[in-house]
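Taking it in order: structure first as structure tokens, then the write-up.
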Amino acid sequence: MSFHISQRFIDELLEEDCPYMDLTVEALGIGREPGLLTCHPKAACVVAGVEVAARLLESSGCRVACEAASGDRLEAGQVFLRAEGSAGAIHRSLKIAQNVMEYSSGIATRAAGMLESARKANPHVQLAVTRKHFPGTKRLSLAAAQAGGAIAHRLGLSDSLLVFDQHRVFTGGLDGFAARVSECRKAFPEQKLGAEVATPEEALLLARAGIDSIQCERFTCADLEETVRGVKAVNAAVQVLAAGGVTGENAEAVAATGVDVLVTTWAYFGKPADIKMVVSA
């Protein structure tokens with residue numbers, strides 16, 4: 001997994017669920033009993049969160065062996081993680097590890113299915129997930145989407161220049177922003193400059209102004225096709241992105257318009273995968 005997850009984050013997840021002791025394990029007096037944990041999906045999925053789950057278990061004192069990595073497609077019943085350790089160590093991290101893998105695998109599976117559909121119509125299209133994930137889950141959400149083949153649209157406000165209408169109310173509208181394109185480039189010459197538009201006409205205006213990417217918000221497929229043709233005629237290097245309402249159901253149709261990137265939040269929200277955690281003595 002290439003997405004960095006700090007040890008501090010791992011420790012915070014563990015402490016959130018078990019800040020002091022596991023009362024049930026203590027009451028039963030089973031904390032030092034040796035045990036084995038195996039994990040498998042109940043239905044076929046793209047698994048994700050495996051490495052984070054392994055680190056949670058290891059940080060609790062278990063010895064872990066992974067037989068699959070985040071991004072792998074698994075069949076129902078296929079064991080992909082085994083952990084040996086005391087009952088106390090297993091129970092301290094079991095539910096957190098399960099939650100991470102179930103939510104992450106749900107995101108990865110939806111992202112992979114959406115990208116597969118889109119590339120039936122447009123083999124070179126990219127799927128980019130937004131920063132509209134549930135607050136506090138950025139690391140896990142982006143890593144899961146990446147495991148499903150998606151890329152990050154924006155990691156946050158500090159990594160890219162993307163001008164929305166909410167910015168342009170302070171620049172005198174679209175024309176005022178277009179006049180400031182050169183100023184933006186001088187301020188951050190190494191960063192690409194993108195902007196959201198509401199009509200094909202706005203897209204052409206900004207393409208002529210010299211920006212790098214144009215994000216088309218809730219365009220019809222017909223308007224997207226028109227925009228792609230017009231923008232590429234002005235400058236073939238300008239990236240055209242489709243955003244707003246892009247889902248697994250319409251990804252193929254939207255991709256068929258010729259856009260370069262599908263921008264979506266859809267993969268984040270849905271049913272988690274079902275990961276079975278089997279504990280034996």
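Starting from 1 in every chain, residues are counted up; chains themselves are A, B, ... following the order of the structure tokens, and ligands are numbered from 1 as listed.
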
Legend entry - DSSP strand (DSSP E) selection over stretch 65-266 of chain A, as a PyMOL selection string: chain A and resi 65-66+73-74+81-86+126-129+151-152+161-163+193-197+213-217+239-243+261-264

Legend entry - Residues near stretch 201-208 of chain A, cut-off 7 Å, only C-alpha atoms, skip fewer than 4 positions along chain, as a count of residues only: 7

Using only C-alpha atoms, what table do you get, as a Markdown table, when you list each residue of stretch 145-211 of chain A with an atom no more than 9 Å from stretch 118-140 of chain A, its nearest pair of atoms, and their distance in Å rounded to one decimal, rows by chain then rising number?
```
| residue | atom | partner | partner_atom | distance |
| --- | --- | --- | --- | --- |
| A:Ala145 | CA | A:Val129 | CA | 7.2 |
| A:Gln146 | CA | A:Val129 | CA | 8.9 |
| A:Gly149 | CA | A:Leu127 | CA | 7.7 |
| A:Ala150 | CA | A:Leu127 | CA | 5.0 |
| A:Ile151 | CA | A:Ala128 | CA | 4.7 |
| A:Ala152 | CA | A:Ala128 | CA | 5.2 |
| A:His153 | CA | A:Ala128 | CA | 4.8 |
| A:Arg154 | CA | A:Thr130 | CA | 6.2 |
| A:Leu155 | CA | A:Arg131 | CA | 6.7 |
| A:Gly156 | CA | A:Arg131 | CA | 6.8 |
```

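DSSP annotation of stretch 200-242 of chain A from backbone atoms: helix (DSSP H, G or I) residues are Pro200, Glu201, Glu202, Ala203, Leu204, Leu205, Leu206, Ala207, Arg208, Ala209, Cys221, Ala222, Asp223, Leu224, Glu225, Glu226, Thr227, Val228, Arg229, Gly230, Val231, Lys232, Ala233 and Val234 of chain A.
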
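You will find atom CA of A:Ala222 at 14.7 Å from atom CA of A:Val246.
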
List every residue of stretch 97-139 of chain A that has an atom at most 7 Å from any atom of stretch 39-55 of chain A, and for each one report the closest atom pair and its distance in Å to one decimal, counting only C-alpha atoms, with rows sorted by chain and then by increasing residue number, as JSON lines.
```
{"residue": "A:Ala97", "atom": "CA", "partner": "A:Ala53", "partner_atom": "CA", "distance": 4.4}
{"residue": "A:Val100", "atom": "CA", "partner": "A:Gly49", "partner_atom": "CA", "distance": 5.8}
{"residue": "A:Met101", "atom": "CA", "partner": "A:Gly49", "partner_atom": "CA", "distance": 4.6}
{"residue": "A:Ser104", "atom": "CA", "partner": "A:Ala48", "partner_atom": "CA", "distance": 5.2}
{"residue": "A:Ser105", "atom": "CA", "partner": "A:Ala48", "partner_atom": "CA", "distance": 4.5}
{"residue": "A:Ala108", "atom": "CA", "partner": "A:Val46", "partner_atom": "CA", "distance": 5.8}
{"residue": "A:Thr109", "atom": "CA", "partner": "A:Val46", "partner_atom": "CA", "distance": 4.8}
```

For N, CA and C atoms, I'd like the residues from the last selection saved as a CSV table (one decimal), in the first residue's frame.
```csv
chain,number,residue,atom,x,y,z
A,97,ALA,N,-10.1,-3.6,13.4
A,97,ALA,CA,-9.6,-4.1,12.2
A,97,ALA,C,-10.7,-4.5,11.2
A,100,VAL,N,-12.3,-1.2,9.8
A,100,VAL,CA,-11.5,-0.6,8.8
A,100,VAL,C,-11.6,-1.4,7.4
A,101,MET,N,-11.5,-2.7,7.5
A,101,MET,CA,-11.5,-3.5,6.3
A,101,MET,C,-12.9,-3.5,5.6
A,104,SER,N,-13.5,0.1,4.2
A,104,SER,CA,-12.5,0.3,3.1
A,104,SER,C,-12.8,-0.6,1.9
A,105,SER,N,-13.1,-1.8,2.1
A,105,SER,CA,-13.4,-2.7,1.0
A,105,SER,C,-14.7,-2.3,0.3
A,108,ALA,N,-13.5,0.5,-2.0
A,108,ALA,CA,-12.7,0.0,-3.0
A,108,ALA,C,-13.5,-0.8,-4.1
A,109,THR,N,-14.4,-1.6,-3.6
A,109,THR,CA,-15.3,-2.3,-4.6
A,109,THR,C,-16.1,-1.4,-5.4
```

Inset, instruction - Between atom CA of A:Leu193 and atom CA of A:Gly210, measure the distance and give it in Å to one decimal. - result: 9.0 Å

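Using only C-alpha atoms, the nearest neighbour of A:Ala87 within the list A:Asp72, A:Glu226, A:Glu67, A:Glu33 is A:Glu33.
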
Inset, instruction - Name all residues at most 12 Å from A:Gly173 (count only C-alpha atoms; drop same-chain ones fewer than 6 positions away) and give them as a ChimeraX atom specification. - result: /A:163-167,179-180,197,202

Output N, CA and C atoms of each residue in that selection to a file, as a PDB file, in the first residue's frame.
```
ATOM      1  N   VAL A 163     -10.693  26.883  -8.683  1.00  0.00           N
ATOM      2  CA  VAL A 163     -11.522  28.069  -8.484  1.00  0.00           C
ATOM      3  C   VAL A 163     -12.989  27.727  -8.709  1.00  0.00           C
ATOM      4  N   PHE A 164     -13.802  27.974  -7.694  1.00  0.00           N
ATOM      5  CA  PHE A 164     -15.232  27.744  -7.769  1.00  0.00           C
ATOM      6  C   PHE A 164     -15.970  29.089  -7.864  1.00  0.00           C
ATOM      7  N   ASP A 165     -17.277  28.994  -8.086  1.00  0.00           N
ATOM      8  CA  ASP A 165     -18.093  30.193  -8.125  1.00  0.00           C
ATOM      9  C   ASP A 165     -18.023  30.944  -6.796  1.00  0.00           C
ATOM     10  N   GLN A 166     -17.851  30.189  -5.697  1.00  0.00           N
ATOM     11  CA  GLN A 166     -17.746  30.824  -4.382  1.00  0.00           C
ATOM     12  C   GLN A 166     -16.506  31.709  -4.271  1.00  0.00           C
ATOM     13  N   HIS A 167     -15.474  31.399  -5.083  1.00  0.00           N
ATOM     14  CA  HIS A 167     -14.311  32.278  -5.141  1.00  0.00           C
ATOM     15  C   HIS A 167     -14.572  33.471  -6.055  1.00  0.00           C
ATOM     16  N   ALA A 179      -9.335  37.314 -15.999  1.00  0.00           N
ATOM     17  CA  ALA A 179      -8.310  38.357 -16.069  1.00  0.00           C
ATOM     18  C   ALA A 179      -7.208  38.140 -15.041  1.00  0.00           C
ATOM     19  N   ARG A 180      -7.478  37.288 -14.039  1.00  0.00           N
ATOM     20  CA  ARG A 180      -6.486  37.051 -12.982  1.00  0.00           C
ATOM     21  C   ARG A 180      -5.707  35.751 -13.181  1.00  0.00           C
ATOM     22  N   VAL A 197     -17.027  25.207 -13.992  1.00  0.00           N
ATOM     23  CA  VAL A 197     -17.884  26.001 -14.884  1.00  0.00           C
ATOM     24  C   VAL A 197     -19.286  25.399 -14.891  1.00  0.00           C
ATOM     25  N   GLU A 202     -18.853  29.054 -20.668  1.00  0.00           N
ATOM     26  CA  GLU A 202     -17.882  29.387 -19.630  1.00  0.00           C
ATOM     27  C   GLU A 202     -16.606  28.565 -19.789  1.00  0.00           C
TER      28      GLU A 202
END
```
